[in-house]
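upload.txt follows; it contains compact mmCIF, C-alpha atoms.
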```
# COMPACT_ATOMS: atom_id res chain seq x y z
CA MET W 12 26.68 218.14 63.07
CA LYS W 13 27.09 214.98 64.79
CA LEU W 14 25.85 213.74 65.00
CA PHE W 15 24.94 210.77 64.86
CA ARG W 16 27.27 208.11 63.77
CA SER W 17 28.80 208.44 60.36
CA ARG W 18 27.39 205.41 58.72
CA SER W 19 27.60 206.02 55.02
CA ARG W 20 29.22 207.61 52.08
CA ARG W 21 26.84 210.55 52.37
CA LEU W 22 26.46 210.60 56.10
CA VAL W 23 26.50 214.13 56.81
CA ALA W 24 24.01 215.34 59.08
CA VAL W 25 25.63 217.38 61.59
CA GLY W 26 24.60 215.00 64.05
CA ALA W 27 27.28 213.19 65.75
CA CYS W 28 27.34 210.83 68.33
CA ALA W 29 30.76 209.79 69.07
CA ALA W 30 31.89 208.55 72.39
CA ALA W 31 33.82 210.83 74.64
CA LEU W 32 37.18 210.70 76.18
CA LEU W 33 39.49 212.80 78.25
CA ALA W 34 39.92 216.38 79.02
CA VAL W 35 42.46 218.96 80.02
CA PRO W 36 42.56 221.67 82.65
CA ALA W 37 44.78 224.17 80.89
CA CYS W 38 43.82 227.06 78.61
CA GLY W 39 45.33 228.24 75.36
CA SER W 40 46.86 226.12 72.63
CA ALA W 41 50.31 225.37 74.04
CA THR W 42 51.25 221.71 74.28
CA THR W 43 52.91 220.34 77.42
CA PRO W 44 55.44 217.55 76.76
CA VAL W 45 54.42 214.31 78.44
CA ALA W 46 55.27 210.65 78.17
CA ALA W 47 54.61 209.07 74.79
CA PRO W 48 51.16 207.48 74.41
CA ALA W 49 50.85 203.71 74.48
CA PRO W 50 51.70 202.00 71.16
CA GLU W 51 48.05 200.96 70.85
CA VAL W 52 47.17 204.57 70.09
CA ARG W 53 49.31 204.76 66.96
CA GLN W 54 48.24 201.27 65.94
CA ALA W 55 44.58 202.29 66.15
CA LEU W 56 45.21 205.31 63.90
CA GLU W 57 47.21 203.27 61.40
CA THR W 58 44.36 200.75 61.24
CA LEU W 59 42.05 203.56 60.12
CA VAL W 60 44.49 204.63 57.40
CA ARG W 61 44.80 201.06 56.14
CA ALA W 62 40.99 200.91 56.06
CA GLY W 63 40.92 203.80 53.57
CA PHE W 64 40.80 207.04 55.58
CA PRO W 65 43.30 209.62 54.28
CA GLY W 66 44.42 210.58 57.77
CA ALA W 67 43.61 210.25 61.46
CA GLN W 68 44.72 212.19 64.51
CA ALA W 69 44.26 211.75 68.25
CA VAL W 70 44.70 214.57 70.75
CA ILE W 71 45.04 213.17 74.25
CA THR W 72 44.87 215.47 77.26
CA THR W 73 45.57 214.27 80.79
CA PRO W 74 46.25 216.08 84.06
CA ALA W 75 49.95 215.57 83.24
CA GLY W 76 49.81 217.22 79.83
CA GLU W 77 48.87 216.72 76.21
CA ARG W 78 50.00 214.63 73.27
CA THR W 79 49.04 214.53 69.59
CA VAL W 80 49.45 211.37 67.53
CA THR W 81 48.91 211.36 63.77
CA ALA W 82 48.80 208.79 60.97
CA GLY W 83 48.23 209.05 57.22
CA VAL W 84 47.96 212.33 55.37
CA GLY W 85 46.10 215.58 55.78
CA ASP W 86 46.54 216.55 52.12
CA LEU W 87 46.39 213.88 49.43
CA ALA W 88 47.93 216.21 46.84
CA SER W 89 51.05 217.11 48.81
CA GLY W 90 51.28 214.12 51.12
CA ALA W 91 51.58 216.42 54.15
CA PRO W 92 50.28 214.96 57.43
CA ILE W 93 47.47 216.45 59.49
CA PRO W 94 49.30 219.28 61.32
CA ASP W 95 49.49 219.47 65.07
CA GLY W 96 46.96 221.99 66.37
CA ALA W 97 44.81 221.52 63.27
CA PHE W 98 41.47 223.31 63.05
CA VAL W 99 38.64 220.95 62.13
CA ARG W 100 34.90 221.23 61.61
CA ILE W 101 33.50 219.74 64.81
CA GLY W 102 29.96 219.03 63.59
CA SER W 103 27.58 218.02 66.33
CA ASN W 104 29.98 218.75 69.14
CA THR W 105 28.39 222.17 68.60
CA LYS W 106 25.30 220.78 70.31
CA SER W 107 27.13 220.51 73.63
CA PHE W 108 28.05 224.21 73.49
CA VAL W 109 24.46 225.14 72.65
CA ALA W 110 23.06 222.95 75.42
CA THR W 111 25.45 224.51 77.94
CA VAL W 112 24.31 228.03 77.08
CA LEU W 113 20.67 226.99 77.23
CA LEU W 114 21.12 225.42 80.67
CA GLN W 115 22.87 228.57 81.89
CA LEU W 116 19.73 230.46 80.86
CA VAL W 117 17.69 227.93 82.82
CA ALA W 118 19.86 228.58 85.87
CA GLU W 119 19.27 232.31 85.42
CA GLY W 120 15.50 231.77 85.40
CA ARG W 121 15.13 232.96 81.80
CA VAL W 122 14.11 229.59 80.36
CA GLU W 123 12.13 226.69 81.86
CA LEU W 124 13.18 223.19 80.80
CA ASP W 125 9.68 221.79 80.79
CA ALA W 126 7.97 224.80 79.24
CA PRO W 127 6.52 224.42 75.74
CA VAL W 128 8.64 225.66 72.86
CA GLU W 129 5.68 227.81 71.79
CA ARG W 130 6.30 230.08 74.79
CA TYR W 131 9.66 231.16 73.37
CA LEU W 132 9.16 230.68 69.63
CA PRO W 133 5.49 231.42 68.98
CA GLY W 134 4.22 230.12 65.67
CA VAL W 135 7.53 228.53 64.62
CA VAL W 136 6.78 224.87 65.34
CA HIS W 137 3.51 224.25 63.55
CA GLY W 138 1.99 222.60 60.51
CA ASN W 139 1.53 219.00 59.34
CA GLY W 140 0.85 217.84 62.88
CA ASN W 141 3.81 219.63 64.46
CA ASP W 142 2.78 221.69 67.48
CA GLY W 143 5.09 223.82 69.62
CA ASN W 144 2.55 223.67 72.44
CA ARG W 145 3.20 219.93 72.80
CA VAL W 146 6.99 219.96 72.61
CA THR W 147 9.13 221.09 75.55
CA VAL W 148 12.58 222.66 75.70
CA ARG W 149 13.88 219.52 77.46
CA GLN W 150 12.60 217.36 74.60
CA LEU W 151 14.53 219.45 72.09
CA LEU W 152 17.71 219.07 74.15
CA GLN W 153 17.26 215.32 74.55
CA HIS W 154 16.01 214.53 71.03
CA THR W 155 12.68 213.28 72.34
CA SER W 156 10.60 215.95 70.58
CA GLY W 157 9.44 213.76 67.71
CA LEU W 158 9.95 216.65 65.30
CA PRO W 159 10.96 215.81 61.71
CA GLU W 160 14.58 215.96 60.52
CA TYR W 161 15.41 218.57 57.89
CA LEU W 162 18.56 216.71 56.78
CA ALA W 163 18.65 213.53 54.72
CA SER W 164 20.02 210.70 56.83
CA GLY W 165 22.75 209.54 54.48
CA ASP W 166 22.22 205.99 55.70
CA PRO W 167 22.35 203.63 52.66
CA SER W 168 19.85 201.35 54.37
CA LYS W 169 17.39 204.27 54.35
CA PRO W 170 17.69 205.86 50.91
CA THR W 171 16.28 209.35 50.61
CA ASP W 172 13.05 209.60 48.71
CA PRO W 173 13.76 211.64 45.55
CA GLY W 174 10.66 213.67 46.35
CA SER W 175 11.68 214.36 49.94
CA PRO W 176 12.14 217.99 50.98
CA GLN W 177 15.08 216.98 53.20
CA LEU W 178 18.48 218.47 52.39
CA ASP W 179 21.18 216.19 51.04
CA ILE W 180 24.17 218.37 51.83
CA ALA W 181 26.92 216.08 50.52
CA THR W 182 26.55 217.62 47.08
CA GLU W 183 28.45 220.30 45.21
CA ALA W 184 25.32 222.44 44.99
CA ALA W 185 24.45 222.30 48.68
CA ARG W 186 27.99 223.02 49.89
CA ARG W 187 27.84 226.52 48.36
CA GLN W 188 24.26 227.40 49.33
CA HIS W 189 23.46 229.64 52.28
CA PHE W 190 20.53 228.90 54.60
CA THR W 191 18.94 230.74 57.49
CA PRO W 192 17.76 228.87 60.61
CA ALA W 193 14.16 229.78 59.77
CA GLU W 194 14.55 228.22 56.33
CA LEU W 195 15.88 224.99 57.85
CA VAL W 196 12.99 224.78 60.31
CA ARG W 197 10.48 225.47 57.54
CA ILE W 198 11.87 222.50 55.63
CA ALA W 199 11.26 220.32 58.68
CA MET W 200 7.74 221.64 59.19
CA THR W 201 6.70 220.47 55.72
CA MET W 202 6.82 216.92 57.11
CA PRO W 203 4.78 215.24 59.85
CA PRO W 204 6.26 214.40 63.26
CA GLN W 205 8.32 211.22 63.53
CA TYR W 206 6.47 210.13 66.71
CA GLU W 207 4.60 211.51 69.69
CA PRO W 208 6.64 213.97 71.82
CA GLY W 209 8.40 212.10 74.62
CA ALA W 210 7.77 208.63 73.21
CA ARG W 211 11.44 207.91 72.46
CA ALA W 212 14.72 209.58 71.50
CA VAL W 213 15.66 209.90 67.83
CA TYR W 214 18.67 212.09 67.05
CA THR W 215 17.32 215.04 65.06
CA ASN W 216 19.22 218.17 64.04
CA THR W 217 16.04 220.24 63.82
CA ASN W 218 15.93 220.23 67.62
CA TYR W 219 19.20 222.13 67.96
CA VAL W 220 18.46 224.63 65.21
CA LEU W 221 15.35 225.50 67.19
CA LEU W 222 17.40 225.79 70.40
CA GLY W 223 19.69 228.27 68.68
CA MET W 224 16.68 230.31 67.63
CA LEU W 225 15.33 230.12 71.18
CA ILE W 226 18.60 231.37 72.70
CA GLU W 227 18.64 234.30 70.29
CA ARG W 228 15.01 235.15 71.04
CA VAL W 229 15.55 235.07 74.81
CA THR W 230 18.88 236.93 74.92
CA GLY W 231 18.48 239.25 71.95
CA ARG W 232 21.94 238.21 70.73
CA PRO W 233 23.16 235.62 68.20
CA THR W 234 23.78 232.21 69.74
CA ALA W 235 27.39 232.35 68.52
CA ALA W 236 27.90 235.52 70.55
CA GLU W 237 26.40 233.90 73.64
CA ILE W 238 28.70 230.88 73.22
CA ALA W 239 31.70 233.16 72.89
CA THR W 240 30.80 235.29 75.93
CA ARG W 241 29.66 232.49 78.20
CA ILE W 242 32.09 229.68 77.27
CA LEU W 243 34.95 230.51 74.92
CA GLU W 244 36.19 233.68 76.58
CA PRO W 245 35.99 232.49 80.21
CA LEU W 246 37.81 229.25 79.34
CA GLY W 247 40.36 230.91 77.07
CA LEU W 248 39.34 228.75 74.11
CA ARG W 249 40.98 230.93 71.49
CA ASP W 250 41.00 228.14 68.92
CA THR W 251 37.23 227.57 68.88
CA TYR W 252 34.85 229.68 66.83
CA THR W 253 31.66 229.87 64.82
CA PRO W 254 32.42 230.85 61.21
CA ALA W 255 30.94 234.15 60.11
CA ALA W 256 28.34 234.24 57.35
CA GLY W 257 30.07 233.55 54.05
CA ASP W 258 33.19 232.06 55.68
CA SER W 259 33.66 228.76 53.87
CA GLY W 260 37.24 228.05 54.89
CA LEU W 261 39.21 227.00 57.96
CA ARG W 262 41.84 228.91 59.90
CA ALA W 263 45.43 227.68 59.58
CA PRO W 264 46.78 225.19 60.25
CA HIS W 265 44.32 222.62 58.97
CA SER W 266 44.18 219.50 56.86
CA ARG W 267 42.06 219.00 53.81
CA GLY W 268 38.68 217.35 54.34
CA TYR W 269 37.37 214.78 51.86
CA GLN W 270 33.95 213.40 50.98
CA GLU W 271 32.98 210.60 48.63
CA ILE W 272 30.29 211.59 46.13
CA ASP W 273 28.99 208.98 43.68
CA GLY W 274 32.10 206.88 44.16
CA THR W 275 34.57 209.75 43.70
CA ARG W 276 36.61 211.29 46.51
CA VAL W 277 36.17 215.07 46.48
CA ASP W 278 38.09 217.75 48.39
CA PHE W 279 35.27 219.16 50.54
CA THR W 280 37.35 221.43 52.78
CA GLU W 281 35.59 224.61 51.74
CA LEU W 282 31.86 224.69 52.37
CA ASP W 283 29.17 227.00 53.69
CA PRO W 284 28.15 225.36 57.00
CA SER W 285 24.97 227.41 57.38
CA TRP W 286 22.88 224.29 56.72
CA ALA W 287 24.27 222.94 60.01
CA ASP W 288 23.70 226.14 62.00
CA THR W 289 23.58 225.56 65.77
CA ALA W 290 23.28 221.83 65.21
CA GLY W 291 26.87 221.62 63.96
CA ASP W 292 28.61 224.59 62.36
CA MET W 293 31.48 225.25 64.80
CA ILE W 294 35.24 224.87 64.24
CA ALA W 295 37.90 224.04 66.84
CA THR W 296 41.14 222.23 67.53
CA GLY W 297 41.24 218.89 69.30
CA ALA W 298 43.00 220.49 72.26
CA ASP W 299 40.24 223.07 72.67
CA LEU W 300 37.54 220.41 72.47
CA ASN W 301 39.27 218.48 75.23
CA ARG W 302 39.47 221.61 77.38
CA PHE W 303 35.82 222.45 76.84
CA PHE W 304 34.52 219.01 77.78
CA THR W 305 36.90 218.79 80.74
CA ALA W 306 35.72 222.14 82.10
CA LEU W 307 32.08 221.20 81.55
CA LEU W 308 32.45 217.88 83.35
CA ASP W 309 34.43 219.52 86.15
CA GLY W 310 31.37 221.65 86.87
CA LYS W 311 32.96 224.92 85.77
CA LEU W 312 30.20 225.96 83.37
CA LEU W 313 26.94 224.98 85.06
CA PRO W 314 25.46 225.02 88.56
CA ALA W 315 25.06 221.57 90.12
CA ALA W 316 21.31 221.37 89.49
CA GLN W 317 21.55 222.08 85.76
CA PHE W 318 24.62 219.86 85.36
CA ALA W 319 22.69 217.00 86.96
CA GLU W 320 19.86 217.52 84.47
CA MET W 321 22.37 217.52 81.62
CA ARG W 322 23.72 214.12 82.66
CA ARG W 323 20.34 212.39 82.98
CA THR W 324 20.28 210.17 79.92
CA VAL W 325 17.82 208.17 77.86
CA PRO W 326 18.50 205.45 75.27
CA PHE W 327 18.67 206.84 71.73
CA ASP W 328 18.75 205.51 68.22
CA ARG W 329 22.28 206.38 67.08
CA MET W 330 24.18 204.45 69.75
CA PRO W 331 22.19 201.61 71.32
CA THR W 332 24.83 201.05 74.02
CA ALA W 333 25.01 204.72 75.03
CA GLY W 334 22.71 207.26 76.60
CA TYR W 335 21.86 210.81 75.52
CA GLY W 336 21.46 213.55 78.10
CA LEU W 337 20.89 217.23 77.41
CA GLY W 338 23.55 217.71 74.75
CA LEU W 339 25.86 215.01 76.12
CA ILE W 340 26.50 211.36 75.26
CA GLN W 341 27.55 208.89 77.95
CA ARG W 342 28.85 205.40 77.32
CA THR W 343 31.06 202.71 78.82
CA ALA W 344 34.31 201.84 77.05
CA SER W 345 35.36 198.21 76.62
CA CYS W 346 37.84 198.62 79.50
CA GLY W 347 35.05 199.78 81.81
CA ASP W 348 35.84 203.50 81.72
CA GLN W 349 32.82 205.80 81.75
CA VAL W 350 33.19 208.26 78.88
CA THR W 351 31.19 211.48 78.50
CA GLY W 352 31.24 213.87 75.56
CA HIS W 353 29.69 214.04 72.13
CA GLY W 354 31.11 213.82 68.60
CA GLY W 355 30.37 215.14 65.16
CA SER W 356 30.05 214.25 61.48
CA ILE W 357 30.15 216.83 58.72
CA PRO W 358 31.44 216.42 55.15
CA GLY W 359 35.22 216.38 55.32
CA PHE W 360 35.62 215.63 59.03
CA GLY W 361 34.50 213.17 61.67
CA THR W 362 35.23 213.67 65.37
CA HIS W 363 34.85 211.44 68.42
CA THR W 364 35.25 213.29 71.70
CA GLY W 365 34.97 212.56 75.40
CA VAL W 366 36.30 212.63 78.94
CA THR W 367 36.82 209.78 81.40
CA ALA W 368 36.13 209.89 85.11
CA GLU W 369 39.92 209.94 85.63
CA GLY W 370 40.20 213.25 83.80
CA VAL W 371 41.60 212.00 80.50
CA ALA W 372 40.16 213.73 77.45
CA VAL W 373 40.41 212.44 73.89
CA THR W 374 39.50 213.84 70.53
CA LEU W 375 39.84 211.52 67.53
CA VAL W 376 39.63 213.13 64.09
CA VAL W 377 39.42 211.59 60.62
CA ASN W 378 39.49 213.81 57.54
CA GLU W 379 36.83 211.91 55.64
CA LEU W 380 33.52 210.48 56.79
CA PRO W 381 33.11 206.70 56.78
CA ARG W 382 31.91 205.32 53.47
CA SER W 383 30.44 202.14 54.95
CA GLU W 384 29.12 200.65 58.15
CA GLU W 385 32.37 198.71 58.46
CA GLN W 386 34.45 201.90 58.37
CA ALA W 387 32.15 203.54 60.91
CA LYS W 388 32.66 200.62 63.29
CA LEU W 389 36.42 200.86 62.86
CA VAL W 390 36.36 204.51 63.92
CA ASP W 391 34.29 203.62 66.99
CA GLN W 392 36.73 200.83 67.83
CA ALA W 393 39.74 203.11 67.34
CA PHE W 394 38.26 205.65 69.73
CA ASP W 395 37.56 202.94 72.28
CA THR W 396 41.15 201.66 71.96
CA ILE W 397 42.63 205.12 72.42
CA VAL W 398 40.48 205.83 75.46
CA CYS W 399 41.42 202.56 77.11
CA ALA W 400 45.13 202.92 76.26
CA SER W 401 45.32 206.43 77.65
```

Once you've parsed the file, please lay out its structure as structure tokens.
Amino acid sequence: MKLFRSRSRRLVAVGACAAALLAVPACGSATTPVAAPAPEVRQALETLVRAGFPGAQAVITTPAGERTVTAGVGDLASGAPIPDGAFVRIGSNTKSFVATVLLQLVAEGRVELDAPVERYLPGVVHGNGNDGNRVTVRQLLQHTSGLPEYLASGDPSKPTDPGSPQLDIATEAARRQHFTPAELVRIAMTMPPQYEPGARAVYTNTNYVLLGMLIERVTGRPTAAEIATRILEPLGLRDTYTPAAGDSGLRAPHSRGYQEIDGTRVDFTELDPSWADTAGDMIATGADLNRFFTALLDGKLLPAAQFAEMRRTVPFDRMPTAGYGLGLIQRTASCGDQVTGHGGSIPGFGTHTGVTAEGVAVTLVVNELPRSEEQAKLVDQAFDTIVCAS
């Protein structure tokens, strides 16, 4: 659910905080032929493959059209590459969809940003010092709530306490287990807050599970249905969806997704993403992600007032050089381009997404999460290179 940055062999939390890159104005999944991308794009992908990733793919969308560049393999058994138009688990890019729906409800007067969570979810945020009367909707959106994280971090520098109630989802047992949002929040509520509400921003998936519950409570419909009605259908994003309960696969075409467990690479393509819920369970193609972020940043999904709130950022823990808004990450690329988007990490797939001020959108996908800090930095660098070369 990205995310936050994929920093370890187990880094899974749906969190994701990848940098963003371009976007496209068109709808549907057709690809428009355009000039070949700069050679630096392919070189960046090949660097990732040499560093140990099975495969890497960049989908680049500009006002002139769209290109897909691929390196390595999408299936280690057959040697087939990642297919064009591949469906991938987008992890924490889901958060940007959820935040957009929530801010539409704010624009409609059905939710107040600075109202306490308790108003909408009475009795849900409580216990062990957690108090829904002291946490606002804005703080959930911006990760400043201080609420505990229900997922294990996966960061090797912060090993999970064996007695911790947090979920370590990069395991064979967890990938098959089904969870409800209420169960995930109850896990979080068994722990004390991380800090006082509003004190700082720490990327926490619990926040977005609660936002999904809030949307459902306010609208009377599943959050996935609201995303489909309010975003996917109007934009014609036919290749973006929330998997139904029990759906552990991916639509075709897709690559295999791999995860290292105890030093062994495992095919992790099939999994029950219910543990990610509205913090990171969605599936899409790179082209659709580019179209979504382009439309969002073009002001097509939110009124000006709510879009301005979305883009007000604070420093956060996952990316010290970036800022987190209300479901959006903003950072400056090495070439000076301002990039806005999100990103996601989920076992099997890592995505970096974003749009530049010039209207270029980029989605970078790897079909295995980084196994080390060094690999994570290489993915960040590859994304930066592709953005600047595009």

Could you pull out every residue with an atom within 9 Å of (7.6, 216.6, 82.8), file coordinates, counting all atoms listed in the file, and send them as a list in words?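 Output: Leu124, Asp125, Ala126, Thr147 and Arg149 of chain W.
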
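Taking CA of Asn216 in chain W and CA of Pro245 in chain W as the two end points, the separation is 27.3 Å.
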
Find the residues of range 163-231 of chain W that sit at most 9 Å from range 313-336 of chain W; for each, write down the nearest two atoms and how far apart they are in Å, to one decimal. Count all atoms listed in the file. Sort by chain, then by number going up, and give it as CSV.
```
residue,atom,partner,partner_atom,distance
W:Arg211,CA,W:Phe327,CA,7.3
W:Ala212,CA,W:Phe327,CA,4.8
W:Val213,CA,W:Asp328,CA,5.4
W:Tyr214,CA,W:Asp328,CA,6.7
```

Could you please give me, as a tab-separated table (two decimals) with C-alpha atoms, in the frame of the given file, the residues of protein, DNA or RNA lying at most 8 Å from (21.9, 223.9, 57.3) in the coordinate frame of the file, considering only C-alpha atoms?
```tsv
chain	number	residue	atom	x	y	z
W	162	LEU	CA	18.56	216.71	56.78
W	189	HIS	CA	23.46	229.64	52.28
W	190	PHE	CA	20.53	228.90	54.60
W	191	THR	CA	18.94	230.74	57.49
W	192	PRO	CA	17.76	228.87	60.61
W	195	LEU	CA	15.88	224.99	57.85
W	284	PRO	CA	28.15	225.36	57.00
W	285	SER	CA	24.97	227.41	57.38
W	286	TRP	CA	22.88	224.29	56.72
W	287	ALA	CA	24.27	222.94	60.01
W	288	ASP	CA	23.70	226.14	62.00
```

Leu113 in chain W environment, 10 Å, all atoms listed in the file, sequence neighbours closer than 5 positions dropped, as JSON, numbers by chain: {"W": [107, 108, 118, 119, 121, 122, 123, 124, 148, 152, 222, 223, 225, 226, 229, 234, 237, 238, 317, 337]}

Just how far from CA of Ala97 in chain W is CA of Ser259 in chain W, in Å to one decimal? 16.3 Å

Mind pulling up the distance from CA of Gly96 in chain W to CA of Ala263 in chain W?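 Computing the Euclidean distance for CA of Ala263 in chain W and CA of Gly96 in chain W yields 9.0 Å.
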
Could you list, as a PyMOL selection string, every residue within 10 Å of Ala400 in chain W, counting only C-alpha atoms and ignoring same-chain residues fewer than 6 positions away? chain W and resi 48-52+346+394

Residues just named, written with C-alpha atoms as an mmCIF file, in the frame of the given file:
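Final output, saved to result_27.cif:
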```
data_model
loop_
_atom_site.group_PDB
_atom_site.id
_atom_site.type_symbol
_atom_site.label_atom_id
_atom_site.label_comp_id
_atom_site.auth_asym_id
_atom_site.auth_seq_id
_atom_site.Cartn_x
_atom_site.Cartn_y
_atom_site.Cartn_z
ATOM 1 C CA PRO W 48 51.160 207.480 74.410
ATOM 2 C CA ALA W 49 50.850 203.710 74.480
ATOM 3 C CA PRO W 50 51.700 202.000 71.160
ATOM 4 C CA GLU W 51 48.050 200.960 70.850
ATOM 5 C CA VAL W 52 47.170 204.570 70.090
ATOM 6 C CA CYS W 346 37.840 198.620 79.500
ATOM 7 C CA PHE W 394 38.260 205.650 69.730
#
```

Selection: 8 Å around Gln150 in chain W, only C-alpha atoms, excl. self and same-chain fewer than 4 positions, as a ChimeraX atom specification: /W:146,154-156,208-209

Give me a file of those residues, with C-alpha atoms, as a PDB file, in the frame of the given file.
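And here's part-v1.pdb as it stands now:
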```pdb
ATOM      1  CA  VAL W 146       6.990 219.960  72.610  1.00  0.00           C
ATOM      2  CA  HIS W 154      16.010 214.530  71.030  1.00  0.00           C
ATOM      3  CA  THR W 155      12.680 213.280  72.340  1.00  0.00           C
ATOM      4  CA  SER W 156      10.600 215.950  70.580  1.00  0.00           C
ATOM      5  CA  PRO W 208       6.640 213.970  71.820  1.00  0.00           C
ATOM      6  CA  GLY W 209       8.400 212.100  74.620  1.00  0.00           C
TER       7      GLY W 209
END
```

Which residue gives the smallest distance to Val277 in chain W among W:Asp86, W:Glu385, W:Asp391, W:Glu227, with only C-alpha atoms counted?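 Checking each of W:Asp86, W:Glu385, W:Asp391, W:Glu227 against Val277 in chain W, counting only C-alpha atoms, the winner is W:Asp86.
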
Select, from W:Ile272, W:Cys399, W:Val377, W:Ala344, the residue with the minimum atom-to-atom distance to Val60 in chain W, counting all atoms listed in the file.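 For Val60 in chain W, the nearest of the candidates is W:Val377.
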
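Closest approach to Thr217 in chain W from the set W:Ala163, W:Leu300, W:Ala46, W:Val196 is made by W:Val196, with distances taken over all atoms listed in the file.
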
Counting all atoms listed in the file, what is within 7 Å of Thr105 in chain W, bar same-chain residues fewer than 6 positions away, as a list in words?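 Selected residues are Thr289, Ala290, Gly291, Asp292 and Met293 of chain W.
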
What's around Asp142 in chain W at 10 Å? Count only C-alpha atoms, leave out sequence neighbours fewer than 3 positions away in its own chain, and write the answer as a ChimeraX atom specification. /W:127-129,134-139,145-146,158,200,204,208

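Closest to Glu379 in chain W among W:Gly359, W:Gly66, W:Gly231, W:Gly83 is W:Gly359, based on all atoms listed in the file.
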
Kindly write range 85-96 of chain W with N, CA, C and O atoms to a file, as a compact mmCIF listing (two decimals), in the first residue's frame.
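File produced: part-v3.txt:
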```txt
# COMPACT_ATOMS: atom_id res chain seq x y z
N GLY W 85 9.23 -10.74 -16.87
CA GLY W 85 8.03 -10.70 -16.06
C GLY W 85 7.68 -12.06 -15.49
O GLY W 85 6.84 -12.17 -14.60
N ASP W 86 8.33 -13.10 -16.00
CA ASP W 86 8.09 -14.47 -15.55
C ASP W 86 9.41 -15.21 -15.57
O ASP W 86 9.97 -15.49 -16.63
N LEU W 87 9.95 -15.51 -14.40
CA LEU W 87 11.26 -16.16 -14.31
C LEU W 87 11.22 -17.57 -14.88
O LEU W 87 12.23 -18.07 -15.39
N ALA W 88 10.08 -18.22 -14.82
CA ALA W 88 9.98 -19.60 -15.31
C ALA W 88 10.04 -19.66 -16.84
O ALA W 88 10.72 -20.50 -17.42
N SER W 89 9.32 -18.76 -17.50
CA SER W 89 9.25 -18.79 -18.96
C SER W 89 10.23 -17.85 -19.63
O SER W 89 10.53 -17.99 -20.82
N GLY W 90 10.70 -16.85 -18.89
CA GLY W 90 11.57 -15.84 -19.47
C GLY W 90 10.83 -14.76 -20.23
O GLY W 90 11.45 -13.89 -20.85
N ALA W 91 9.49 -14.78 -20.19
CA ALA W 91 8.70 -13.78 -20.90
C ALA W 91 8.86 -12.41 -20.23
O ALA W 91 8.96 -12.31 -19.00
N PRO W 92 8.89 -11.34 -21.02
CA PRO W 92 9.02 -10.00 -20.43
C PRO W 92 7.72 -9.55 -19.77
O PRO W 92 6.67 -10.17 -19.97
N ILE W 93 7.78 -8.47 -19.03
CA ILE W 93 6.56 -7.85 -18.53
C ILE W 93 5.77 -7.37 -19.75
O ILE W 93 6.30 -6.63 -20.58
N PRO W 94 4.53 -7.80 -19.92
CA PRO W 94 3.78 -7.42 -21.13
C PRO W 94 3.39 -5.95 -21.12
O PRO W 94 3.22 -5.33 -20.06
N ASP W 95 3.26 -5.38 -22.32
CA ASP W 95 2.70 -4.04 -22.41
C ASP W 95 1.28 -4.08 -21.87
O ASP W 95 0.56 -5.06 -22.05
N GLY W 96 0.86 -3.00 -21.23
CA GLY W 96 -0.49 -2.95 -20.69
C GLY W 96 -0.70 -3.87 -19.51
O GLY W 96 -1.84 -4.27 -19.21
```
